[in-house]
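Source file: my_file_35.csv (CSV, C-alpha atoms)
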```csv
chain,number,residue,atom,x,y,z
Y,37,MET,CA,69.3,96.6,69.0
Y,38,SER,CA,71.3,98.0,71.9
Y,39,ALA,CA,72.9,101.4,71.7
Y,40,ASP,CA,76.6,101.7,71.2
Y,41,PRO,CA,78.6,102.2,74.4
Y,42,ALA,CA,79.6,105.8,75.1
Y,43,PRO,CA,83.0,106.6,73.6
Y,44,THR,CA,86.0,106.7,75.9
Y,45,ALA,CA,89.1,108.7,75.7
Y,46,LEU,CA,91.5,105.7,75.8
Y,47,GLY,CA,89.4,102.8,74.6
Y,48,HIS,CA,92.0,102.2,71.8
Y,49,LEU,CA,94.8,101.5,74.3
Y,50,ARG,CA,95.8,98.2,76.0
Y,51,VAL,CA,97.8,98.5,79.2
Y,52,LEU,CA,99.8,95.6,80.7
Y,53,ASP,CA,100.0,96.4,84.5
Y,54,LEU,CA,102.8,94.4,86.2
Y,55,SER,CA,102.8,96.8,89.2
Y,56,ARG,CA,101.8,96.2,92.8
Y,57,VAL,CA,100.8,98.2,95.9
Y,58,LEU,CA,99.8,101.8,95.0
Y,59,ALA,CA,101.8,104.1,92.7
Y,60,GLY,CA,101.7,101.8,89.7
Y,61,PRO,CA,98.2,100.5,90.3
Y,62,TRP,CA,97.0,104.1,90.8
Y,63,CYS,CA,98.4,105.0,87.4
Y,64,GLY,CA,96.8,102.0,85.8
Y,65,GLN,CA,93.4,102.8,87.3
Y,66,ILE,CA,93.5,106.3,86.0
Y,67,LEU,CA,94.0,104.9,82.5
Y,68,ALA,CA,91.4,102.2,83.0
Y,69,ASP,CA,88.8,104.8,84.2
Y,70,LEU,CA,89.5,106.7,80.9
Y,71,GLY,CA,88.6,103.5,79.0
Y,72,ALA,CA,91.9,101.7,78.4
Y,73,GLN,CA,91.9,97.9,78.7
Y,74,VAL,CA,94.2,97.3,81.7
Y,75,ILE,CA,95.4,93.7,82.2
Y,76,LYS,CA,96.8,93.4,85.7
Y,77,VAL,CA,99.3,90.5,86.0
Y,78,GLU,CA,99.5,89.0,89.5
Y,79,ARG,CA,101.3,86.2,91.3
Y,80,PRO,CA,99.2,83.0,91.4
Y,81,ASP,CA,97.7,82.3,94.8
Y,82,GLU,CA,99.1,85.5,96.3
Y,83,GLY,CA,98.3,88.4,94.0
Y,84,ASP,CA,99.0,92.1,94.7
Y,85,ASP,CA,100.4,92.7,98.2
Y,86,THR,CA,97.5,95.0,99.1
Y,87,ARG,CA,95.0,92.1,98.7
Y,88,HIS,CA,96.3,91.2,102.2
Y,89,TRP,CA,96.8,94.6,103.8
Y,90,GLY,CA,94.1,94.6,106.3
Y,91,PRO,CA,92.1,95.2,108.4
Y,92,PRO,CA,89.7,96.5,107.2
Y,93,PHE,CA,88.5,93.6,105.1
Y,94,LEU,CA,85.6,93.2,102.7
Y,95,LYS,CA,82.6,91.4,104.2
Y,96,ASP,CA,80.7,88.4,102.9
Y,97,ALA,CA,76.9,88.2,102.5
Y,98,ASP,CA,76.5,87.4,106.2
Y,99,GLY,CA,78.5,90.5,107.2
Y,100,ARG,CA,81.6,88.5,108.2
Y,101,ASP,CA,85.2,89.6,107.4
Y,102,THR,CA,86.7,87.8,104.4
Y,103,ASP,CA,90.4,87.5,103.6
Y,104,ALA,CA,90.1,90.3,101.0
Y,105,ALA,CA,91.5,93.7,102.2
Y,106,THR,CA,89.7,96.9,101.3
Y,107,TYR,CA,93.0,98.5,100.4
Y,108,TYR,CA,93.2,96.6,97.1
Y,109,THR,CA,89.9,98.1,96.0
Y,110,CYS,CA,91.1,101.7,96.0
Y,111,ALA,CA,93.4,101.3,93.0
Y,112,ASN,CA,92.3,98.4,90.9
Y,113,ARG,CA,88.8,98.9,89.5
Y,114,ASN,CA,88.1,98.6,85.8
Y,115,LYS,CA,91.0,96.1,85.4
Y,116,GLN,CA,91.2,92.5,84.4
Y,117,SER,CA,93.2,90.2,86.7
Y,118,VAL,CA,95.4,87.5,85.1
Y,119,THR,CA,97.6,85.3,87.2
Y,120,VAL,CA,101.0,84.3,85.8
Y,121,ASP,CA,104.1,82.9,87.4
Y,122,LEU,CA,106.9,85.2,86.2
Y,123,THR,CA,109.6,82.9,87.7
Y,124,ARG,CA,108.8,80.2,85.1
Y,125,PRO,CA,109.9,80.5,81.5
Y,126,GLU,CA,106.4,79.6,80.3
Y,127,GLY,CA,105.0,82.5,82.3
Y,128,GLN,CA,107.6,84.9,81.0
Y,129,ALA,CA,106.7,83.9,77.5
Y,130,ILE,CA,103.0,84.6,78.2
Y,131,VAL,CA,103.9,88.1,79.4
Y,132,ARG,CA,106.1,88.8,76.4
Y,133,GLU,CA,103.2,87.8,74.2
Y,134,LEU,CA,100.9,90.2,76.0
Y,135,ALA,CA,103.5,92.9,75.8
Y,136,CYS,CA,103.7,92.5,72.0
Y,137,ARG,CA,99.9,93.1,71.9
Y,138,SER,CA,99.9,96.1,74.3
Y,139,ASP,CA,100.5,99.8,73.9
Y,140,VAL,CA,101.8,100.4,77.5
Y,141,LEU,CA,103.5,98.4,80.2
Y,142,ILE,CA,103.7,99.6,83.8
Y,143,GLU,CA,106.0,97.9,86.3
Y,144,ASN,CA,107.4,98.7,89.7
Y,145,PHE,CA,110.0,96.0,90.3
Y,146,LYS,CA,113.4,97.1,91.7
Y,147,ALA,CA,115.7,98.7,89.1
Y,148,GLY,CA,116.7,96.0,86.6
Y,149,GLY,CA,114.5,93.4,88.3
Y,150,LEU,CA,112.7,92.3,85.2
Y,151,ALA,CA,115.8,91.8,83.1
Y,152,ARG,CA,116.4,88.3,84.5
Y,153,TYR,CA,112.9,87.3,83.2
Y,154,GLY,CA,113.5,88.8,79.8
Y,155,LEU,CA,110.8,91.4,80.5
Y,156,ASP,CA,113.0,94.5,80.6
Y,157,TYR,CA,112.5,97.4,78.2
Y,158,ALA,CA,115.5,96.6,76.0
Y,159,THR,CA,114.2,93.1,75.3
Y,160,LEU,CA,110.5,94.1,74.8
Y,161,LYS,CA,111.4,97.0,72.6
Y,162,GLU,CA,112.9,94.7,70.1
Y,163,LEU,CA,109.6,92.7,70.0
Y,164,ASN,CA,107.3,95.7,70.1
Y,165,PRO,CA,108.9,99.0,69.1
Y,166,ARG,CA,105.7,100.9,69.8
Y,167,LEU,CA,105.6,99.8,73.4
Y,168,ILE,CA,105.6,102.6,76.0
Y,169,TYR,CA,107.3,101.1,79.1
Y,170,CYS,CA,106.9,102.9,82.4
Y,171,SER,CA,109.1,101.8,85.3
Y,172,ILE,CA,108.3,103.1,88.8
Y,173,THR,CA,110.8,102.8,91.6
Y,174,GLY,CA,111.7,104.5,94.8
Y,175,PHE,CA,114.8,106.2,93.7
Y,176,GLY,CA,115.1,105.9,89.9
Y,177,GLN,CA,117.1,103.9,87.5
Y,178,ASP,CA,120.5,105.5,88.2
Y,179,GLY,CA,122.3,107.2,91.1
Y,180,PRO,CA,123.7,105.6,94.3
Y,181,TYR,CA,120.3,104.7,95.7
Y,182,ALA,CA,119.0,103.0,92.4
Y,183,GLY,CA,119.1,99.6,93.9
Y,184,ARG,CA,117.2,100.4,97.1
Y,185,ALA,CA,113.6,99.5,97.6
Y,186,GLY,CA,111.4,102.5,98.1
Y,187,TYR,CA,108.1,102.8,100.0
Y,188,ASP,CA,106.1,106.0,100.3
Y,189,LEU,CA,106.9,106.5,104.0
Y,190,LEU,CA,110.7,106.2,103.3
Y,191,VAL,CA,110.4,108.8,100.6
Y,192,GLN,CA,108.2,111.2,102.7
Y,193,ALA,CA,111.1,111.1,105.1
Y,194,ALA,CA,114.0,111.3,102.5
Y,195,SER,CA,112.4,114.1,100.5
Y,196,GLY,CA,111.9,116.4,103.5
Y,197,LEU,CA,108.1,116.3,103.3
Y,198,MET,CA,107.9,114.9,106.8
Y,199,SER,CA,110.1,117.7,108.1
Y,200,ILE,CA,107.5,120.3,107.1
Y,201,THR,CA,104.5,118.3,108.2
Y,202,GLY,CA,103.3,118.3,111.8
Y,203,ARG,CA,103.5,120.6,114.8
Y,204,PRO,CA,106.8,122.4,115.7
Y,205,ASP,CA,109.1,120.7,118.1
Y,206,GLY,CA,108.2,123.1,120.9
Y,207,GLU,CA,104.5,122.3,120.8
Y,208,PRO,CA,102.6,119.3,122.3
Y,209,GLY,CA,102.7,116.6,119.7
Y,210,GLY,CA,105.6,118.2,117.9
Y,211,GLY,CA,107.8,116.2,115.6
Y,212,PRO,CA,107.9,115.0,112.0
Y,213,MET,CA,104.7,113.5,110.7
Y,214,ARG,CA,103.7,111.6,107.6
Y,215,VAL,CA,100.8,112.7,105.6
Y,216,GLY,CA,97.6,110.6,106.3
Y,217,VAL,CA,97.6,108.8,102.9
Y,218,ALA,CA,100.6,107.6,100.8
Y,219,VAL,CA,100.6,110.9,99.0
Y,220,ILE,CA,103.9,110.4,97.1
Y,221,ASP,CA,102.7,107.1,95.8
Y,222,LEU,CA,99.5,108.7,94.6
Y,223,PHE,CA,101.2,111.7,93.0
Y,224,THR,CA,103.7,109.4,91.3
Y,225,GLY,CA,100.7,107.5,89.8
Y,226,VAL,CA,99.3,110.7,88.5
Y,227,TYR,CA,102.6,111.9,87.1
Y,228,ALA,CA,103.2,108.5,85.5
Y,229,ALA,CA,99.8,108.6,83.8
Y,230,THR,CA,100.7,112.1,82.5
Y,231,ALA,CA,104.0,110.8,81.2
Y,232,ILE,CA,102.4,107.8,79.5
Y,233,LEU,CA,99.8,110.0,77.8
Y,234,ALA,CA,102.6,112.3,76.6
Y,235,ALA,CA,104.4,109.3,75.2
Y,236,VAL,CA,101.2,108.2,73.4
Y,237,GLU,CA,101.0,111.6,71.8
Y,238,ALA,CA,104.6,111.5,70.8
Y,239,ARG,CA,104.1,108.0,69.3
Y,240,HIS,CA,101.4,109.5,67.0
Y,241,ARG,CA,104.2,111.5,65.3
Y,242,THR,CA,107.1,109.1,65.6
Y,243,GLY,CA,105.5,105.7,65.5
Y,244,ARG,CA,107.8,104.6,68.3
Y,245,GLY,CA,107.3,103.9,72.0
Y,246,GLN,CA,109.7,105.0,74.7
Y,247,TYR,CA,111.0,104.3,78.2
Y,248,ILE,CA,109.7,106.3,81.2
Y,249,ASP,CA,111.7,106.3,84.4
Y,250,MET,CA,109.5,107.4,87.3
Y,251,ALA,CA,111.0,107.7,90.8
Y,252,LEU,CA,109.1,108.4,94.1
Y,253,LEU,CA,112.0,110.5,95.3
Y,254,ASP,CA,111.8,112.8,92.2
Y,255,VAL,CA,108.1,113.2,92.7
Y,256,GLY,CA,108.5,113.9,96.4
Y,257,MET,CA,111.0,116.6,95.7
Y,258,ALA,CA,108.8,118.1,93.0
Y,259,MET,CA,105.8,118.1,95.4
Y,260,LEU,CA,107.7,120.4,97.8
Y,261,ALA,CA,106.6,123.2,95.4
Y,262,ASN,CA,106.7,126.6,97.1
Y,263,GLN,CA,108.6,125.2,100.1
Y,264,ALA,CA,111.4,124.1,97.8
Y,265,ALA,CA,111.3,127.4,95.9
Y,266,GLY,CA,111.7,129.3,99.2
Y,267,TYR,CA,114.7,127.2,100.2
Y,268,LEU,CA,116.4,127.3,96.8
Y,269,HIS,CA,116.2,131.1,96.7
Y,270,THR,CA,117.0,132.0,100.3
Y,271,GLY,CA,119.0,129.0,101.7
Y,272,ARG,CA,116.6,129.0,104.7
Y,273,VAL,CA,115.4,125.5,105.6
Y,274,PRO,CA,111.6,125.5,106.1
Y,275,GLN,CA,110.3,124.3,109.4
Y,276,ARG,CA,107.2,122.6,110.6
Y,277,GLN,CA,104.4,125.0,111.6
Y,278,GLY,CA,101.3,122.8,112.0
Y,279,ASN,CA,98.3,124.1,110.1
Y,280,THR,CA,99.7,127.6,109.4
Y,281,HIS,CA,101.2,128.7,106.2
Y,282,PRO,CA,104.7,130.1,105.8
Y,283,SER,CA,103.6,132.9,103.4
Y,284,ILE,CA,100.0,133.6,104.0
Y,285,VAL,CA,98.1,134.9,107.1
Y,286,PRO,CA,95.4,134.1,108.2
Y,287,TYR,CA,95.5,130.6,106.6
Y,288,GLN,CA,94.9,128.0,109.3
Y,289,ASP,CA,92.5,126.4,111.7
Y,290,PHE,CA,90.8,128.6,114.3
Y,291,PRO,CA,88.7,127.7,117.4
Y,292,THR,CA,84.9,128.2,117.3
Y,293,ALA,CA,82.2,128.0,119.9
Y,294,ASP,CA,81.6,124.3,119.1
Y,295,GLY,CA,84.9,123.1,117.6
Y,296,ALA,CA,87.1,124.5,114.9
Y,297,MET,CA,87.1,125.8,111.4
Y,298,LEU,CA,89.5,126.6,108.6
Y,299,LEU,CA,90.0,130.1,107.4
Y,300,ALA,CA,92.0,130.5,104.2
Y,301,VAL,CA,92.4,134.2,103.4
Y,302,GLY,CA,94.5,134.4,100.2
Y,303,ASN,CA,94.5,138.2,99.5
Y,304,ASP,CA,94.0,141.6,101.1
Y,305,GLY,CA,90.4,142.0,99.8
Y,306,GLN,CA,89.3,138.8,101.5
Y,307,PHE,CA,90.9,139.9,104.7
Y,308,ALA,CA,89.1,143.2,104.6
Y,309,ARG,CA,85.8,141.4,104.0
Y,310,PHE,CA,86.5,139.0,106.9
Y,311,CYS,CA,87.2,142.0,109.2
Y,312,GLU,CA,84.0,143.7,108.2
Y,313,ALA,CA,81.9,140.5,108.7
Y,314,ALA,CA,83.5,139.9,112.0
Y,315,GLY,CA,82.7,143.4,113.2
Y,316,VAL,CA,86.3,144.6,113.4
Y,317,PRO,CA,86.8,146.6,110.1
Y,318,GLY,CA,89.6,148.6,111.6
Y,319,TRP,CA,91.9,145.6,111.6
Y,320,SER,CA,92.2,145.7,107.8
Y,321,ARG,CA,93.3,149.4,107.9
Y,322,ASP,CA,95.9,148.8,110.7
Y,323,PRO,CA,99.3,149.1,109.1
Y,324,ARG,CA,100.4,145.9,110.8
Y,325,PHE,CA,97.7,143.9,109.0
Y,326,ALA,CA,96.8,145.9,105.9
Y,327,THR,CA,98.9,143.7,103.5
Y,328,ASN,CA,99.6,140.0,103.6
Y,329,ALA,CA,103.4,140.6,104.0
Y,330,GLU,CA,102.7,142.7,107.1
Y,331,ARG,CA,100.2,140.1,108.4
Y,332,VAL,CA,102.9,137.4,108.1
Y,333,ARG,CA,105.4,139.6,109.9
Y,334,HIS,CA,102.9,140.3,112.7
Y,335,ARG,CA,101.4,136.7,112.8
Y,336,ALA,CA,102.1,136.4,116.5
Y,337,VAL,CA,99.9,139.4,117.2
Y,338,LEU,CA,97.1,138.9,114.7
Y,339,VAL,CA,96.4,135.2,115.2
Y,340,PRO,CA,95.4,135.5,118.9
Y,341,MET,CA,93.2,138.5,118.0
Y,342,ILE,CA,91.4,136.4,115.4
Y,343,GLU,CA,91.0,133.5,117.8
Y,344,SER,CA,89.3,135.7,120.3
Y,345,ILE,CA,86.7,136.6,117.6
Y,346,THR,CA,86.2,133.2,116.1
Y,347,ARG,CA,85.4,131.6,119.5
Y,348,GLN,CA,82.2,133.8,119.6
Y,349,ARG,CA,80.3,131.9,116.9
Y,350,THR,CA,79.8,128.2,115.9
Y,351,THR,CA,81.5,126.8,112.9
Y,352,ARG,CA,78.2,126.7,111.0
Y,353,GLU,CA,77.6,130.4,111.8
Y,354,TRP,CA,81.0,131.4,110.6
Y,355,VAL,CA,80.5,129.5,107.3
Y,356,GLU,CA,77.1,131.1,106.7
Y,357,LEU,CA,78.4,134.5,107.6
Y,358,LEU,CA,81.5,134.4,105.3
Y,359,GLU,CA,80.5,132.3,102.3
Y,360,ASP,CA,78.3,135.1,100.9
Y,361,ARG,CA,81.3,137.5,101.2
Y,362,ALA,CA,83.6,135.2,99.2
Y,363,VAL,CA,85.9,134.6,102.2
Y,364,PRO,CA,87.1,130.9,102.1
Y,365,CYS,CA,86.0,129.2,105.3
Y,366,GLY,CA,84.8,125.7,106.1
Y,367,PRO,CA,84.5,122.9,108.7
Y,368,ILE,CA,87.2,120.4,109.4
Y,369,ASN,CA,85.4,117.2,108.5
Y,370,ASP,CA,86.2,113.6,109.3
Y,371,ILE,CA,86.0,111.3,106.4
Y,372,GLY,CA,82.4,110.2,107.3
Y,373,GLN,CA,81.3,113.8,107.4
Y,374,ALA,CA,83.1,114.5,104.1
Y,375,PHE,CA,81.2,111.7,102.3
Y,376,ALA,CA,77.9,113.0,103.9
Y,377,ASP,CA,78.6,116.6,102.7
Y,378,PRO,CA,75.9,117.8,100.2
Y,379,GLN,CA,78.5,118.9,97.7
Y,380,VAL,CA,80.3,115.5,97.8
Y,381,ARG,CA,76.9,113.8,97.3
Y,382,ALA,CA,75.9,116.2,94.5
Y,383,ARG,CA,79.2,115.4,92.6
Y,384,GLY,CA,78.5,111.7,92.9
Y,385,LEU,CA,81.9,111.0,94.5
Y,386,ARG,CA,80.8,107.7,96.2
Y,387,VAL,CA,80.2,104.9,93.7
Y,388,GLU,CA,78.9,101.4,94.3
Y,389,LEU,CA,80.0,98.6,91.9
Y,390,PRO,CA,78.4,95.1,91.8
Y,391,HIS,CA,80.7,92.2,92.8
Y,392,PRO,CA,80.0,88.5,92.5
Y,393,ARG,CA,81.4,87.7,95.9
Y,394,PHE,CA,80.8,90.8,98.0
Y,395,GLY,CA,77.6,92.1,96.6
Y,396,GLN,CA,78.7,95.7,96.3
Y,397,VAL,CA,82.2,97.3,96.5
Y,398,ALA,CA,82.2,101.0,97.3
Y,399,GLY,CA,84.8,103.4,95.9
Y,400,VAL,CA,85.5,107.0,95.1
Y,401,ALA,CA,84.6,108.3,91.6
Y,402,SER,CA,87.3,109.6,89.2
Y,403,PRO,CA,87.8,113.3,89.7
Y,404,LEU,CA,88.4,113.7,86.0
Y,405,ARG,CA,85.4,115.4,84.3
Y,406,LEU,CA,85.5,115.3,80.5
Y,407,SER,CA,82.4,116.6,78.6
Y,408,GLU,CA,82.7,114.3,75.6
Y,409,THR,CA,84.7,111.2,76.9
Y,410,PRO,CA,84.1,111.1,80.7
Y,411,PRO,CA,85.7,108.4,82.8
Y,412,VAL,CA,83.4,105.4,83.3
Y,413,VAL,CA,83.5,103.2,86.4
Y,414,ARG,CA,82.6,99.9,84.7
Y,415,HIS,CA,83.8,97.0,86.9
Y,416,ALA,CA,84.6,96.4,90.5
Y,417,PRO,CA,88.2,95.5,91.4
Y,418,PRO,CA,88.6,91.9,90.1
Y,419,ASP,CA,89.1,88.8,92.1
Y,420,LEU,CA,92.6,87.3,91.8
Y,421,GLY,CA,92.9,85.6,88.4
Y,422,GLN,CA,89.3,86.4,87.5
Y,423,HIS,CA,90.1,87.1,83.8
Y,424,THR,CA,93.0,84.7,83.2
Y,425,GLU,CA,91.1,82.4,80.8
Y,426,GLN,CA,89.3,85.3,79.1
Y,427,VAL,CA,92.5,87.2,78.4
Y,428,LEU,CA,94.5,84.2,77.3
Y,429,SER,CA,91.7,83.2,75.0
Y,430,GLU,CA,90.7,86.6,73.6
Y,431,VAL,CA,94.0,88.4,73.5
Y,432,LEU,CA,96.5,85.6,72.8
Y,433,GLY,CA,94.2,83.1,71.1
Y,434,TYR,CA,94.9,80.2,73.4
Y,435,ASP,CA,92.5,77.3,73.2
Y,436,ALA,CA,90.8,75.6,76.2
Y,437,ALA,CA,93.2,72.7,76.2
Y,438,ARG,CA,96.3,74.9,76.3
Y,439,ILE,CA,94.9,77.0,79.1
Y,440,ALA,CA,94.0,73.9,81.1
Y,441,ALA,CA,97.5,72.6,80.7
Y,442,LEU,CA,99.0,75.9,81.9
Y,443,LYS,CA,96.7,75.8,84.9
Y,444,ALA,CA,97.6,72.2,85.7
Y,445,GLN,CA,101.3,73.2,85.7
Y,446,GLY,CA,100.7,76.1,88.0
Y,447,ILE,CA,102.0,78.6,85.4
Y,448,VAL,CA,98.7,80.6,85.4
```

Any chance you could put this one into structure tokens?
Amino acid sequence: MSADPAPTALGHLRVLDLSRVLAGPWCGQILADLGAQVIKVERPDEGDDTRHWGPPFLKDADGRDTDAATYYTCANRNKQSVTVDLTRPEGQAIVRELACRSDVLIENFKAGGLARYGLDYATLKELNPRLIYCSITGFGQDGPYAGRAGYDLLVQAASGLMSITGRPDGEPGGGPMRVGVAVIDLFTGVYAATAILAAVEARHRTGRGQYIDMALLDVGMAMLANQAAGYLHTGRVPQRQGNTHPSIVPYQDFPTADGAMLLAVGNDGQFARFCEAAGVPGWSRDPRFATNAERVRHRAVLVPMIESITRQRTTREWVELLEDRAVPCGPINDIGQAFADPQVRARGLRVELPHPRFGQVAGVASPLRLSETPPVVRHAPPDLGQHTEQVLSEVLGYDAARIAALKAQGIV
């Protein structure tokens, strides 16, 4: 007799994921990693937009590119893929049935976009009062921009995030710069998962679901954090300053004998230990540098002094010198170097999942570490429609003849 599967945190939840691209799928994947059954509804023949966002593409057994983009794999593992044509009444009926048997629904259509299909919250709430319905849009469900489409890049620009990212205008390469991944999409997915779990907890007390309105713009503004706080309290608009920090010095990249390193000194004790290790203990007693506030004021003097010192050793030598003194310091890795890093390897952050078409699909492990109900990476991202028959049969009780008829009509 086989052992019972390990308990999961969210194994009691069923999530209907109508979202595409990144923010919604990222949210759904977080819930799926924690054990929820996540049914991803996709367009027949097309699927999620990111299935086609390549290169790079997954390779077949002979090492040749397929038509399946690797992008899709980053946010859709542990899910079941069901294809349904939402433009057809029969397809809409299927999704309503699934919503009646689900705890959570995630969607990222334009504001009001699902109402024409009878799949909006007001309609589904009447059918399933316990449903938690999470809408993700660029600008929210109200306000003058509610009807606009919103992509991460647009919101990085609109929120001001790009204005504080990149080199200053006066430096080579200066100008606004997007973050290297769709960071607002990703944060929105995390915030959405948090909101959903809060709604699940509230439902334990009330017995009722609720509506969640997530907007990329709201998240982008919230992510400004200390930069927003500084502006709101002083009225001064923060400016781009490359890898330096507006409120901490030294906290940036520095040249070394063989490249560059990051030095992140967060308090005066760390600065004193850095100066001692670097052979310049007097710097930490200099009134211009003794406190962080003074180091910020005298940044233009101190930074060149530190650069003259850091160039004298290699990055590895600096890391070895400073890590025993609890001074945060490290290399600036590319992504290949990051995955080869011994700490990354020790934490098991690269995972390989078997896939019927591609052999193995690589991914990044969930960063959530729970001692009793840890996330489990169970299944590779599904092929388009891979679980249509299984879900219609097991969840909705459709027989083989009914499923075959729906397929013949192009509804699933």

How close does each residue of stretch 337-405 of chain Y get to stretch 414-432 of chain Y, giving the shortest atom pair and distance in Å to one decimal for every residue with an atom at most 10 Å away, counting only C-alpha atoms, sorted by chain and residue number, as JSON lines?
```
{"residue": "Y:Glu388", "atom": "CA", "partner": "Y:Ala416", "partner_atom": "CA", "distance": 8.5}
{"residue": "Y:Leu389", "atom": "CA", "partner": "Y:Ala416", "partner_atom": "CA", "distance": 5.3}
{"residue": "Y:Pro390", "atom": "CA", "partner": "Y:Ala416", "partner_atom": "CA", "distance": 6.5}
{"residue": "Y:His391", "atom": "CA", "partner": "Y:Ala416", "partner_atom": "CA", "distance": 6.2}
{"residue": "Y:Pro392", "atom": "CA", "partner": "Y:Asp419", "partner_atom": "CA", "distance": 9.1}
{"residue": "Y:Arg393", "atom": "CA", "partner": "Y:Asp419", "partner_atom": "CA", "distance": 8.7}
{"residue": "Y:Gln396", "atom": "CA", "partner": "Y:Ala416", "partner_atom": "CA", "distance": 8.3}
{"residue": "Y:Val397", "atom": "CA", "partner": "Y:Ala416", "partner_atom": "CA", "distance": 6.5}
{"residue": "Y:Ala398", "atom": "CA", "partner": "Y:Ala416", "partner_atom": "CA", "distance": 8.6}
{"residue": "Y:Gly399", "atom": "CA", "partner": "Y:Ala416", "partner_atom": "CA", "distance": 8.8}
```

Can you build me a table of stretch 163-271 of chain Y residues sitting at most 9 Å from stretch 131-155 of chain Y, with the closest atom pair per residue and its distance in Å to one decimal, using only C-alpha atoms, sorted by chain and residue number, as a Markdown table?
```
| residue | atom | partner | partner_atom | distance |
| --- | --- | --- | --- | --- |
| Y:Leu163 | CA | Y:Cys136 | CA | 6.2 |
| Y:Asn164 | CA | Y:Cys136 | CA | 5.2 |
| Y:Pro165 | CA | Y:Cys136 | CA | 8.8 |
| Y:Arg166 | CA | Y:Asp139 | CA | 6.7 |
| Y:Leu167 | CA | Y:Asp139 | CA | 5.1 |
| Y:Ile168 | CA | Y:Val140 | CA | 4.6 |
| Y:Tyr169 | CA | Y:Leu141 | CA | 4.8 |
| Y:Cys170 | CA | Y:Ile142 | CA | 4.8 |
| Y:Ser171 | CA | Y:Glu143 | CA | 5.1 |
| Y:Ile172 | CA | Y:Asn144 | CA | 4.6 |
| Y:Thr173 | CA | Y:Asn144 | CA | 5.7 |
| Y:Gly174 | CA | Y:Lys146 | CA | 8.2 |
| Y:Phe175 | CA | Y:Ala147 | CA | 8.8 |
| Y:Gly176 | CA | Y:Ala147 | CA | 7.3 |
| Y:Gln177 | CA | Y:Ala147 | CA | 5.6 |
| Y:Asp178 | CA | Y:Ala147 | CA | 8.4 |
| Y:Ala182 | CA | Y:Ala147 | CA | 6.3 |
| Y:Gly183 | CA | Y:Ala147 | CA | 6.0 |
| Y:Arg184 | CA | Y:Lys146 | CA | 7.4 |
| Y:Ala185 | CA | Y:Lys146 | CA | 6.4 |
| Y:Gly186 | CA | Y:Lys146 | CA | 8.6 |
| Y:Ile232 | CA | Y:Val140 | CA | 7.7 |
| Y:Val236 | CA | Y:Asp139 | CA | 8.4 |
| Y:Gly245 | CA | Y:Asp139 | CA | 8.2 |
```

- Task: Pick out the closest residue to Y:Asp205 from this set: Y:Thr230, Y:Gln277, Y:Thr409, Y:Ser283. Count only C-alpha atoms.
- Result: Y:Gln277

Within 12 Å of stretch 299-310 of chain Y, which residues of stretch 217-282 of chain Y show up? Give each one with its shortest atom-to-atom distance in Å (one decimal) and the two atoms involved, counting only C-alpha atoms, rows by chain then rising residue number, as CSV.
```
residue,atom,partner,partner_atom,distance
Y:Asn279,CA,Y:Leu299,CA,10.6
Y:Thr280,CA,Y:Ala300,CA,9.7
Y:His281,CA,Y:Ala300,CA,9.6
```

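The smallest atom-to-atom distance between Y:Tyr107 and any of Y:Thr351, Y:Ala218, Y:Asp81, Y:Val74, using only C-alpha atoms, is found for Y:Ala218.
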
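Taking atom CA of Y:Leu189 as the reference point, atom CA of Y:Val255 is found at 13.2 Å.
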
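Put simply, atom CA of Y:Leu385 is 18.5 Å away from atom CA of Y:Tyr108.
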
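The shortest atom-to-atom distance to Y:Leu406, with only C-alpha atoms taken into account, belongs to Y:Ala45 out of Y:Val316, Y:Ala45, Y:Val332, Y:Val337.
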
Generate the missing atoms of stretch 183-191 of chain Y up to N, CA and C atoms and report them as a PDB file, keeping the file's coordinate frame.
```
ATOM      1  N   GLY Y 183     119.416 100.926  93.555  1.00  0.00           N
ATOM      2  CA  GLY Y 183     119.100  99.600  93.900  1.00  0.00           C
ATOM      3  C   GLY Y 183     118.233  99.401  95.147  1.00  0.00           C
ATOM      4  N   ARG Y 184     117.937 100.492  95.829  1.00  0.00           N
ATOM      5  CA  ARG Y 184     117.200 100.400  97.100  1.00  0.00           C
ATOM      6  C   ARG Y 184     115.672 100.242  96.794  1.00  0.00           C
ATOM      7  N   ALA Y 185     115.016  99.507  97.670  1.00  0.00           N
ATOM      8  CA  ALA Y 185     113.600  99.500  97.600  1.00  0.00           C
ATOM      9  C   ALA Y 185     113.037 100.793  98.191  1.00  0.00           C
ATOM     10  N   GLY Y 186     111.933 101.254  97.662  1.00  0.00           N
ATOM     11  CA  GLY Y 186     111.400 102.500  98.100  1.00  0.00           C
ATOM     12  C   GLY Y 186     109.918 102.459  98.403  1.00  0.00           C
ATOM     13  N   TYR Y 187     109.546 102.736  99.627  1.00  0.00           N
ATOM     14  CA  TYR Y 187     108.100 102.800 100.000  1.00  0.00           C
ATOM     15  C   TYR Y 187     107.814 104.311 100.267  1.00  0.00           C
ATOM     16  N   ASP Y 188     106.544 104.646 100.144  1.00  0.00           N
ATOM     17  CA  ASP Y 188     106.100 106.000 100.300  1.00  0.00           C
ATOM     18  C   ASP Y 188     106.627 106.635 101.621  1.00  0.00           C
ATOM     19  N   LEU Y 189     106.517 105.904 102.726  1.00  0.00           N
ATOM     20  CA  LEU Y 189     106.900 106.500 104.000  1.00  0.00           C
ATOM     21  C   LEU Y 189     108.418 106.813 104.008  1.00  0.00           C
ATOM     22  N   LEU Y 190     109.248 105.951 103.414  1.00  0.00           N
ATOM     23  CA  LEU Y 190     110.700 106.200 103.300  1.00  0.00           C
ATOM     24  C   LEU Y 190     110.934 107.507 102.543  1.00  0.00           C
ATOM     25  N   VAL Y 191     110.179 107.680 101.466  1.00  0.00           N
ATOM     26  CA  VAL Y 191     110.400 108.800 100.600  1.00  0.00           C
ATOM     27  C   VAL Y 191     109.812 110.096 101.197  1.00  0.00           C
TER      28      VAL Y 191
END
```
